[in-house]
>>> print(open('input.csv').read())   # CSV, C-alpha atoms and all ligand atoms
chain,number,residue,atom,x,y,z
A,1,MET,CA,-52.4,15.0,140.5
A,2,SER,CA,-49.7,16.7,142.5
A,3,MET,CA,-47.6,19.4,140.8
A,4,LEU,CA,-44.6,17.0,140.7
A,5,GLU,CA,-46.8,14.3,139.0
A,6,ARG,CA,-48.1,16.9,136.5
A,7,ILE,CA,-44.5,17.9,135.7
A,8,GLU,CA,-43.5,14.2,135.2
A,9,ASP,CA,-46.6,13.7,133.0
A,10,LEU,CA,-45.8,16.6,130.8
A,11,LYS,CA,-42.2,15.6,130.5
A,12,ASN,CA,-43.3,12.2,129.1
A,13,LYS,CA,-45.9,13.7,126.8
A,14,SER,CA,-43.6,16.2,125.3
A,15,ALA,CA,-40.8,13.6,124.9
A,16,ASP,CA,-43.2,11.2,123.1
A,17,PHE,CA,-44.5,13.9,120.8
A,18,LYS,CA,-43.1,13.1,117.3
A,19,ILE,CA,-42.2,16.1,115.2
A,20,GLU,CA,-41.8,15.0,111.6
A,21,SER,CA,-43.1,17.9,109.7
A,22,LYS,CA,-43.4,21.6,109.9
A,23,GLU,CA,-47.1,21.2,110.7
A,24,MET,CA,-46.3,18.9,113.6
A,25,LEU,CA,-43.7,21.4,114.8
A,26,GLU,CA,-46.4,24.1,114.9
A,27,ASN,CA,-48.8,21.7,116.8
A,28,PHE,CA,-46.0,21.0,119.3
A,29,ARG,CA,-45.6,24.7,119.9
A,30,LEU,CA,-49.3,25.4,120.3
A,31,LYS,CA,-49.7,22.4,122.7
A,32,PHE,CA,-46.8,23.1,124.9
A,33,LEU,CA,-45.2,26.5,124.5
A,34,SER,CA,-47.9,28.9,123.5
A,35,LYS,CA,-49.7,31.2,125.9
A,36,LYS,CA,-52.5,28.7,126.3
A,37,GLY,CA,-50.1,25.8,126.2
A,38,GLU,CA,-49.5,23.3,128.9
A,39,ILE,CA,-46.3,24.8,130.2
A,40,ASN,CA,-48.0,28.1,130.9
A,41,ASP,CA,-50.9,26.2,132.6
A,42,LEU,CA,-48.3,24.7,135.0
A,43,PHE,CA,-46.7,28.0,135.7
A,44,GLU,CA,-50.2,29.4,136.5
A,45,SER,CA,-50.8,26.6,139.0
A,46,PHE,CA,-47.3,27.1,140.3
A,47,LYS,CA,-48.4,30.5,141.7
A,48,GLN,CA,-50.5,28.6,144.3
A,49,VAL,CA,-47.7,26.4,145.5
A,50,ALA,CA,-46.8,26.9,149.1
A,51,GLY,CA,-43.4,27.9,150.7
A,52,GLU,CA,-41.0,25.0,151.1
A,53,GLU,CA,-42.2,23.1,148.0
A,54,LYS,CA,-41.7,26.2,145.8
A,55,ARG,CA,-38.0,25.8,145.4
A,56,GLU,CA,-37.9,22.2,144.2
A,57,ILE,CA,-41.0,22.5,142.0
A,58,GLY,CA,-39.8,25.8,140.5
A,59,LYS,CA,-36.5,24.2,139.6
A,60,GLN,CA,-38.2,21.2,137.9
A,61,LEU,CA,-40.6,23.4,136.0
A,62,ASN,CA,-37.7,25.4,134.6
A,63,VAL,CA,-35.8,22.3,133.6
A,64,LEU,CA,-38.9,21.0,131.8
A,65,ARG,CA,-39.5,24.2,130.0
A,66,GLN,CA,-35.9,24.3,128.8
A,67,SER,CA,-36.1,20.8,127.5
A,68,ILE,CA,-39.3,21.4,125.7
A,69,GLU,CA,-37.9,24.6,124.2
A,70,ALA,CA,-34.7,22.8,123.2
A,71,LYS,CA,-36.7,20.1,121.4
A,72,PHE,CA,-38.7,22.8,119.6
A,73,ASN,CA,-35.6,24.7,118.5
A,74,GLU,CA,-33.8,21.6,117.4
A,75,SER,CA,-36.7,20.6,115.1
A,76,LYS,CA,-37.2,24.1,113.9
A,77,GLU,CA,-33.6,24.2,112.8
A,78,LYS,CA,-33.9,20.9,111.1
A,79,PHE,CA,-36.9,21.9,109.0
A,80,SER,CA,-35.5,25.3,108.1
A,81,SER,CA,-32.2,23.8,107.1
A,82,GLU,CA,-33.9,21.1,105.1
A,83,LYS,CA,-35.5,23.8,103.1
A,84,LYS,CA,-32.1,25.4,102.2
A,85,PHE,CA,-30.2,22.2,101.7
A,86,PRO,CA,-32.2,19.1,100.6
A,87,ALA,CA,-30.6,15.8,101.5
A,88,ASP,CA,-29.4,15.3,97.9
A,89,ALA,CA,-28.0,18.8,97.4
A,90,ALA,CA,-24.3,19.1,96.6
A,91,ASP,CA,-22.0,19.6,99.5
A,92,LEU,CA,-21.2,23.3,99.3
A,93,SER,CA,-18.3,23.0,101.7
A,94,LEU,CA,-16.3,20.9,99.3
A,95,PRO,CA,-13.4,22.6,97.6
A,96,THR,CA,-14.1,23.4,93.9
A,97,ASN,CA,-12.4,21.6,91.0
A,98,ALA,CA,-9.6,23.6,89.5
A,99,ASN,CA,-11.1,25.7,86.7
A,100,THR,CA,-9.9,25.0,83.2
A,101,ILE,CA,-10.0,28.0,81.0
A,102,GLY,CA,-11.2,27.4,77.4
A,103,SER,CA,-9.3,28.7,74.4
A,104,LEU,CA,-10.5,30.1,71.1
A,105,HIS,CA,-10.8,27.6,68.2
A,106,PRO,CA,-8.1,28.0,65.6
A,107,ILE,CA,-10.7,29.0,63.0
A,108,SER,CA,-12.0,31.8,65.3
A,109,LEU,CA,-8.4,32.9,65.9
A,110,VAL,CA,-7.7,33.2,62.2
A,111,LYS,CA,-11.0,34.8,61.4
A,112,ASN,CA,-10.5,37.4,64.2
A,113,SER,CA,-7.1,38.3,63.0
A,114,ILE,CA,-8.2,38.7,59.4
A,115,ILE,CA,-11.0,40.9,60.6
A,116,ASN,CA,-8.7,43.0,62.7
A,117,ILE,CA,-6.4,43.6,59.8
A,118,PHE,CA,-9.2,44.8,57.5
A,119,GLU,CA,-11.0,46.8,60.1
A,120,LYS,CA,-7.9,49.0,60.3
A,121,ILE,CA,-8.6,50.1,56.7
A,122,GLY,CA,-12.3,50.7,57.2
A,123,PHE,CA,-13.9,47.3,56.5
A,124,ASP,CA,-17.1,46.4,58.4
A,125,VAL,CA,-18.2,42.9,59.2
A,126,GLU,CA,-21.5,41.6,57.7
A,127,TYR,CA,-23.3,38.2,58.0
A,128,GLY,CA,-25.8,36.4,55.8
A,129,PRO,CA,-27.9,33.3,56.1
A,130,GLU,CA,-26.5,29.8,55.7
A,131,ILE,CA,-29.6,28.5,53.9
A,132,GLU,CA,-29.7,30.6,50.8
A,133,ASP,CA,-31.9,30.9,47.8
A,134,ASP,CA,-30.9,30.4,44.2
A,135,TRP,CA,-30.8,34.1,43.4
A,136,HIS,CA,-28.3,35.0,46.1
A,137,ASN,CA,-26.1,32.0,45.8
A,138,PHE,CA,-26.0,31.7,42.0
A,139,THR,CA,-28.2,33.7,39.7
A,140,ALA,CA,-27.3,37.2,40.9
A,141,LEU,CA,-23.7,36.2,40.8
A,142,ASN,CA,-24.0,35.4,37.1
A,143,PHE,CA,-24.3,31.7,37.3
A,144,GLY,CA,-26.7,31.2,34.4
A,145,GLU,CA,-29.2,28.4,34.7
A,146,ASN,CA,-27.1,26.0,32.8
A,147,HIS,CA,-23.9,27.7,33.5
A,148,PRO,CA,-21.1,25.1,33.8
A,149,ALA,CA,-19.8,27.0,36.8
A,150,ARG,CA,-22.7,25.6,38.8
A,151,ASP,CA,-21.0,22.3,38.5
A,152,MET,CA,-17.9,23.7,40.2
A,153,GLN,CA,-19.7,23.7,43.4
A,154,ASP,CA,-21.5,20.6,44.4
A,155,THR,CA,-24.5,21.8,46.3
A,156,PHE,CA,-26.6,20.5,49.1
A,157,PHE,CA,-30.1,21.4,48.1
A,158,VAL,CA,-32.6,21.9,50.9
A,159,GLU,CA,-35.7,22.2,48.8
A,160,LYS,CA,-35.9,22.1,45.1
A,161,GLU,CA,-38.4,23.5,42.6
A,162,PRO,CA,-41.3,23.8,42.4
A,163,ARG,CA,-41.8,24.6,46.1
A,164,GLY,CA,-38.7,26.8,46.3
A,165,ASN,CA,-35.1,26.5,45.5
A,166,PHE,CA,-33.0,26.6,48.6
A,167,ALA,CA,-29.6,25.3,49.3
A,168,LEU,CA,-26.9,25.4,52.0
A,169,ARG,CA,-24.8,28.3,50.6
A,170,THR,CA,-21.7,27.1,48.7
A,171,HIS,CA,-19.8,30.3,49.3
A,172,THR,CA,-19.9,33.5,51.2
A,173,SER,CA,-20.2,35.4,47.9
A,174,SER,CA,-24.0,35.3,48.5
A,175,VAL,CA,-23.6,37.8,51.3
A,176,GLN,CA,-22.1,40.3,48.7
A,177,VAL,CA,-25.4,40.2,46.9
A,178,ARG,CA,-27.4,40.7,50.0
A,179,LEU,CA,-25.3,43.7,51.0
A,180,MET,CA,-25.2,45.4,47.6
A,181,GLU,CA,-29.0,45.0,47.4
A,182,THR,CA,-29.5,46.8,50.6
A,183,VAL,CA,-26.6,49.3,51.1
A,184,LYS,CA,-25.7,52.1,48.9
A,185,PRO,CA,-22.0,52.5,47.9
A,186,PRO,CA,-19.4,53.1,49.2
A,187,ILE,CA,-19.3,49.6,50.6
A,188,ARG,CA,-16.4,48.1,52.4
A,189,ALA,CA,-17.2,44.9,54.1
A,190,LEU,CA,-15.9,41.5,55.2
A,191,MET,CA,-18.3,38.6,55.3
A,192,PRO,CA,-17.1,35.6,57.3
A,193,GLY,CA,-19.2,32.4,57.6
A,194,ARG,CA,-19.7,28.7,57.2
A,195,VAL,CA,-20.2,27.2,53.7
A,196,TYR,CA,-21.2,23.8,52.5
A,197,ARG,CA,-20.2,21.5,49.6
A,198,ASN,CA,-21.2,18.0,48.8
A,199,GLU,CA,-17.7,16.7,48.7
A,200,ASP,CA,-16.0,13.6,50.0
A,201,VAL,CA,-14.5,14.1,53.4
A,202,SER,CA,-10.8,13.7,53.5
A,203,ALA,CA,-7.7,15.1,55.3
A,204,ARG,CA,-7.8,18.1,52.9
A,205,SER,CA,-11.4,18.7,52.3
A,206,ASN,CA,-14.6,18.6,54.3
A,207,CYS,CA,-18.3,19.0,53.4
A,208,PHE,CA,-18.4,22.2,55.3
A,209,PHE,CA,-15.8,24.8,55.9
A,210,HIS,CA,-15.4,28.6,56.5
A,211,GLN,CA,-14.7,31.4,54.1
A,212,ILE,CA,-14.2,35.1,54.5
A,213,GLU,CA,-15.4,37.3,51.7
A,214,GLY,CA,-14.3,40.9,51.0
A,215,LEU,CA,-16.1,43.5,49.0
A,216,TYR,CA,-15.2,47.1,48.2
A,217,ILE,CA,-17.5,49.2,46.0
A,218,ASP,CA,-17.1,52.9,45.3
A,219,GLU,CA,-16.4,55.2,42.4
A,220,ASN,CA,-13.2,54.6,40.5
A,221,VAL,CA,-12.1,51.4,42.3
A,222,SER,CA,-9.5,49.7,40.2
A,223,PHE,CA,-7.5,46.5,40.1
A,224,SER,CA,-4.5,48.2,41.6
A,225,ASP,CA,-6.6,49.0,44.7
A,226,LEU,CA,-7.4,45.3,44.9
A,227,LYS,CA,-3.7,44.5,44.6
A,228,GLN,CA,-2.6,47.0,47.2
A,229,THR,CA,-5.3,45.9,49.6
A,230,LEU,CA,-4.3,42.3,49.4
A,231,TYR,CA,-0.7,43.1,49.6
A,232,TYR,CA,-1.3,45.0,52.8
A,233,PHE,CA,-3.3,42.0,54.1
A,234,VAL,CA,-0.5,39.5,53.3
A,235,SER,CA,2.2,41.7,54.9
A,236,GLN,CA,0.1,42.0,58.1
A,237,PHE,CA,-0.9,38.4,58.3
A,238,PHE,CA,2.0,36.4,56.9
A,239,GLY,CA,4.8,39.0,57.1
A,240,GLU,CA,6.6,40.5,54.1
A,241,ARG,CA,6.2,38.0,51.3
A,242,GLU,CA,6.1,38.0,47.6
A,243,ILE,CA,2.7,37.6,46.1
A,244,ARG,CA,1.6,36.9,42.6
A,245,PHE,CA,-1.7,37.0,40.7
A,246,ARG,CA,-2.7,34.3,38.2
A,247,PRO,CA,-5.6,34.8,35.8
A,248,SER,CA,-8.5,32.7,36.8
A,249,TYR,CA,-12.3,32.5,36.3
A,250,PHE,CA,-15.2,33.2,38.5
A,251,PRO,CA,-18.6,34.0,37.0
A,252,PHE,CA,-19.1,37.1,39.2
A,253,THR,CA,-15.7,38.8,38.6
A,254,GLU,CA,-14.1,40.1,35.5
A,255,PRO,CA,-11.2,40.0,35.3
A,256,SER,CA,-10.7,37.3,37.9
A,257,ALA,CA,-7.5,36.1,39.5
A,258,GLU,CA,-6.1,33.8,42.1
A,259,MET,CA,-3.5,35.1,44.5
A,260,ASP,CA,-0.5,33.0,45.6
A,261,ILE,CA,2.0,33.8,48.3
A,262,TYR,CA,5.6,32.6,48.1
A,263,LEU,CA,6.4,30.2,50.9
A,264,GLY,CA,9.7,28.9,49.4
A,265,MET,CA,10.8,25.3,49.6
A,266,GLU,CA,13.3,25.4,52.4
A,267,THR,CA,11.4,23.0,54.6
A,268,GLU,CA,9.9,19.7,53.6
A,269,GLN,CA,6.5,20.9,54.6
A,270,ASP,CA,6.8,24.0,52.4
A,271,SER,CA,7.7,22.0,49.4
A,272,ARG,CA,4.8,19.6,50.1
A,273,LEU,CA,2.3,22.4,50.6
A,274,THR,CA,3.4,24.2,47.5
A,275,LYS,CA,3.7,21.0,45.4
A,276,GLY,CA,7.3,21.7,44.7
A,277,THR,CA,6.7,25.2,43.3
A,278,GLY,CA,7.2,27.4,46.4
A,279,TRP,CA,3.9,29.1,45.7
A,280,LEU,CA,0.7,28.6,47.6
A,281,GLU,CA,-2.7,29.7,46.5
A,282,ILE,CA,-4.4,31.7,49.2
A,283,LEU,CA,-7.5,33.3,47.6
A,284,GLY,CA,-9.7,34.1,44.7
A,285,CYS,CA,-10.5,37.7,43.7
A,286,GLY,CA,-11.4,40.0,40.9
A,287,MET,CA,-13.2,43.1,39.8
A,288,VAL,CA,-17.0,42.7,40.4
A,289,ASP,CA,-18.6,42.0,37.1
A,290,PRO,CA,-20.8,45.0,35.9
A,291,SER,CA,-23.7,42.7,35.4
A,292,VAL,CA,-23.5,41.6,39.1
A,293,LEU,CA,-23.6,45.2,40.1
A,294,LYS,CA,-26.7,45.7,37.9
A,295,ASN,CA,-28.4,42.6,39.4
A,296,CYS,CA,-28.0,44.2,42.8
A,297,GLY,CA,-29.3,47.6,41.8
A,298,ILE,CA,-25.9,49.4,41.6
A,299,ASP,CA,-25.2,51.5,38.6
A,300,PRO,CA,-22.1,50.0,36.9
A,301,ASP,CA,-21.4,53.2,35.0
A,302,LYS,CA,-20.9,55.1,38.2
A,303,TYR,CA,-19.5,52.4,40.5
A,304,SER,CA,-16.9,49.7,40.3
A,305,GLY,CA,-15.4,47.4,42.9
A,306,PHE,CA,-13.4,44.4,43.8
A,307,ALA,CA,-14.1,41.2,45.7
A,308,PHE,CA,-12.1,38.4,47.2
A,309,GLY,CA,-12.8,35.2,49.0
A,310,MET,CA,-10.5,32.9,51.0
A,311,GLY,CA,-10.9,29.7,53.0
A,312,ILE,CA,-10.3,30.3,56.7
A,313,ASP,CA,-9.8,26.6,57.5
A,314,ARG,CA,-7.1,26.4,54.9
A,315,ILE,CA,-5.3,29.4,56.2
A,316,ALA,CA,-5.6,28.1,59.8
A,317,MET,CA,-4.1,24.8,58.7
A,318,LEU,CA,-1.2,26.6,57.1
A,319,LYS,CA,-0.6,28.9,60.0
A,320,TYR,CA,-0.7,26.2,62.7
A,321,GLY,CA,0.7,23.3,60.7
A,322,ILE,CA,-2.5,21.3,61.0
A,323,LYS,CA,-2.4,18.3,58.7
A,324,ASP,CA,-5.9,17.1,58.8
A,325,ILE,CA,-8.9,19.4,58.4
A,326,ARG,CA,-11.1,16.9,60.2
A,327,GLN,CA,-9.3,17.7,63.5
A,328,MET,CA,-11.0,21.1,63.4
A,329,PHE,CA,-14.4,19.6,63.9
A,330,GLU,CA,-13.8,16.8,66.3
A,331,ASN,CA,-13.6,19.0,69.3
A,332,ASP,CA,-10.9,16.9,70.9
A,333,ILE,CA,-9.9,19.0,73.9
A,334,ARG,CA,-6.2,17.9,73.5
A,335,PHE,CA,-6.2,19.4,70.0
A,336,LEU,CA,-8.1,22.6,70.9
A,337,GLU,CA,-6.0,23.3,74.0
A,338,GLN,CA,-2.9,23.9,71.8
A,339,PHE,CA,-4.1,27.2,70.4
B,1,LIG,N1,-16.7,32.3,45.9
B,1,LIG,C1,-15.4,31.8,45.5
B,1,LIG,C2,-15.3,30.3,45.9
B,1,LIG,O1,-16.0,29.9,46.8
B,1,LIG,C3,-14.2,32.5,46.1
B,1,LIG,C4,-14.2,33.9,45.5
B,1,LIG,C5,-13.5,34.1,44.4
B,1,LIG,C6,-14.8,35.0,46.1
B,1,LIG,C7,-13.4,35.3,43.8
B,1,LIG,C8,-14.7,36.2,45.6
B,1,LIG,C9,-14.0,36.4,44.4
B,1,LIG,O2,-15.3,37.3,46.1
B,1,LIG,O3,-13.9,37.7,43.9
B,1,LIG,O4,-14.5,29.6,45.4
>>> encode(input="input.csv", output="structure tokens", more="lines below")
Ligand code: DAH
Amino acid sequence: MSMLERIEDLKNKSADFKIESKEMLENFRLKFLSKKGEINDLFESFKQVAGEEKREIGKQLNVLRQSIEAKFNESKEKFSSEKKFPADAADLSLPTNANTIGSLHPISLVKNSIINIFEKIGFDVEYGPEIEDDWHNFTALNFGENHPARDMQDTFFVEKEPRGNFALRTHTSSVQVRLMETVKPPIRALMPGRVYRNEDVSARSNCFFHQIEGLYIDENVSFSDLKQTLYYFVSQFFGEREIRFRPSYFPFTEPSAEMDIYLGMETEQDSRLTKGTGWLEILGCGMVDPSVLKNCGIDPDKYSGFAFGMGIDRIAMLKYGIKDIRQMFENDIRFLEQF
């Protein structure tokens, strides 16, 4: 074969060579472009080519080498870019969607602002489990076995005797017990969390909701400390408003009270909310019953304390004028965006 024929032959061979994988690409390189490859062979033979032919053959050889190199580089790029961007990958050059920034849920907003208010007067935040045993949810809090107060709270039992007696906690007061059992007074804590009751779901009540519990135990804590603390809270959260305490009953406090704030009846909503009295019940509270202290290993002769508990959902509804508690849990973005 003459040099020109060999060039033509190699041109065809290299053009016909199919490169469909990385392996084939490497074979292509070894066959044509490596030191022992066919292009080098041709250049070796080129050294023997005589005078006048040299120019033409040299030119053709260079063109051939360039085209083989171009084919190699093109396939190389294809395989390396395939590795970075598989065919089904997202198109990274597309402009992004406009970001929507989320907002805090009204329950979180209210919870956080209650916590902020009490943190200023030295209250810590504590949490307890949502599946609770009988001792922490009821017994330690003075709900005797057949205590009628157990009926006040319709309970979702998780596991009944004899295997164990566990329920979804019906109130955050259970966390008081856990705290008093493990921490020595003075104790000043807020305990927010979700609670559960077996109730019919309606616009005003749900089978789960949120409470925040407060507890203050120290020497010489009195009912007037309770009153001042709650008055401070109301003034910070609702603004200067009248409050009143009505005697009430909870098994774990003695005396017990419910606290109302005065909304007035100027607007239709206020008179509806307050059932025509102007007063709205906000929370339950009282002095921790000495036997509860004893149950938790705290000496009632040395220490006394107060506790209170309020419904976060209820206060959020009041604050934002939400009419149906179920909206809080539907996660409808149009609702949540408003806060
Ligand atoms: N645990 C009560 C309830 O769920 C609320 C409550 C009342 C909590 C009085 C307290 C308290 O700490 O002192 O209805």
>>> residues_around(input="input.csv", residues="region 128-130 of chain A", least_positions_apart="6", cutoff="8 Å", atoms="only C-alpha atoms", output="list of chain:residue names")
A:Leu168, A:Arg169, A:Ser174, A:Val175, A:Arg178, A:Met191, A:Gly193, A:Arg194, A:Val195
>>> residues_near_ligand(input="input.csv", ligand="ligand LIG 1 (chain B)", cutoff="10 Å", atoms="only C-alpha atoms and all ligand atoms", output="NGL selection string")
:A and (137 or 141 or 152-153 or 169-176 or 191 or 195-197 or 210-215 or 248-259 or 283-289 or 305-311)
>>> write_last_selection(input="input.csv", atoms="C-alpha atoms", output="compact mmCIF listing (two decimals), keeping the file's coordinate frame")
# COMPACT_ATOMS: atom_id res chain seq x y z
CA ASN A 137 -26.10 32.00 45.80
CA LEU A 141 -23.70 36.20 40.80
CA MET A 152 -17.90 23.70 40.20
CA GLN A 153 -19.70 23.70 43.40
CA ARG A 169 -24.80 28.30 50.60
CA THR A 170 -21.70 27.10 48.70
CA HIS A 171 -19.80 30.30 49.30
CA THR A 172 -19.90 33.50 51.20
CA SER A 173 -20.20 35.40 47.90
CA SER A 174 -24.00 35.30 48.50
CA VAL A 175 -23.60 37.80 51.30
CA GLN A 176 -22.10 40.30 48.70
CA MET A 191 -18.30 38.60 55.30
CA VAL A 195 -20.20 27.20 53.70
CA TYR A 196 -21.20 23.80 52.50
CA ARG A 197 -20.20 21.50 49.60
CA HIS A 210 -15.40 28.60 56.50
CA GLN A 211 -14.70 31.40 54.10
CA ILE A 212 -14.20 35.10 54.50
CA GLU A 213 -15.40 37.30 51.70
CA GLY A 214 -14.30 40.90 51.00
CA LEU A 215 -16.10 43.50 49.00
CA SER A 248 -8.50 32.70 36.80
CA TYR A 249 -12.30 32.50 36.30
CA PHE A 250 -15.20 33.20 38.50
CA PRO A 251 -18.60 34.00 37.00
CA PHE A 252 -19.10 37.10 39.20
CA THR A 253 -15.70 38.80 38.60
CA GLU A 254 -14.10 40.10 35.50
CA PRO A 255 -11.20 40.00 35.30
CA SER A 256 -10.70 37.30 37.90
CA ALA A 257 -7.50 36.10 39.50
CA GLU A 258 -6.10 33.80 42.10
CA MET A 259 -3.50 35.10 44.50
CA LEU A 283 -7.50 33.30 47.60
CA GLY A 284 -9.70 34.10 44.70
CA CYS A 285 -10.50 37.70 43.70
CA GLY A 286 -11.40 40.00 40.90
CA MET A 287 -13.20 43.10 39.80
CA VAL A 288 -17.00 42.70 40.40
CA ASP A 289 -18.60 42.00 37.10
CA GLY A 305 -15.40 47.40 42.90
CA PHE A 306 -13.40 44.40 43.80
CA ALA A 307 -14.10 41.20 45.70
CA PHE A 308 -12.10 38.40 47.20
CA GLY A 309 -12.80 35.20 49.00
CA MET A 310 -10.50 32.90 51.00
CA GLY A 311 -10.90 29.70 53.00
>>> residues_around(input="input.csv", residues="Asp299 (chain A)", least_positions_apart="5", cutoff="12 Å", atoms="only C-alpha atoms", output="JSON, numbers by chain")
{"A": [180, 181, 184, 185, 217, 218, 219, 289, 290, 291, 292, 293, 294, 304, 305]}
>>> closest_residue(input="input.csv", among="A:Leu280, A:Ile131, A:Ile101, A:Ala316", to="Ala167 (chain A)", atoms="all atoms listed in the file")
A:Ile131
>>> atom_distance(input="input.csv", atom1="CA of Met328 (chain A)", atom2="CA of Arg241 (chain A)")
27.0 Å
>>> atom_distance(input="input.csv", atom1="CA of Arg204 (chain A)", atom2="CA of Asn146 (chain A)")
29.0 Å
>>> closest_residue(input="input.csv", among="A:Gly239, A:Val177, A:Phe156, A:Ser103", to="Gly297 (chain A)", atoms="only C-alpha atoms")
A:Val177
>>> closest_residue(input="input.csv", among="A:Leu33, A:Leu25, A:Leu94, A:Leu42", to="Leu4 (chain A)", atoms="all atoms listed in the file")
A:Leu42
>>> closest_residue(input="input.csv", among="A:Ser75, A:Glu8, A:Ser205, A:His105", to="Asp332 (chain A)", atoms="all atoms listed in the file")
A:His105
>>> closest_residue(input="input.csv", among="A:Gly58, A:Val183, A:Phe209, A:Asn99", to="Glu44 (chain A)", atoms="only C-alpha atoms")
A:Gly58
>>> atom_distance(input="input.csv", atom1="CA of Leu273 (chain A)", atom2="CA of Leu318 (chain A)")
8.5 Å
>>> closest_residue(input="input.csv", among="A:Pro106, A:Ala70, A:Ile121, A:Thr267", to="Leu336 (chain A)", atoms="only C-alpha atoms")
A:Pro106
>>> residues_near_point(input="input.csv", point="(-0.8, 34.2, 47.9)", cutoff="8 Å", atoms="only C-alpha atoms", output="list in words")
Val234, Glu242, Ile243, Arg244, Phe245, Glu258, Met259, Asp260, Ile261, Tyr262, Trp279, Leu280, Glu281, Ile282 and Leu283 of chain A
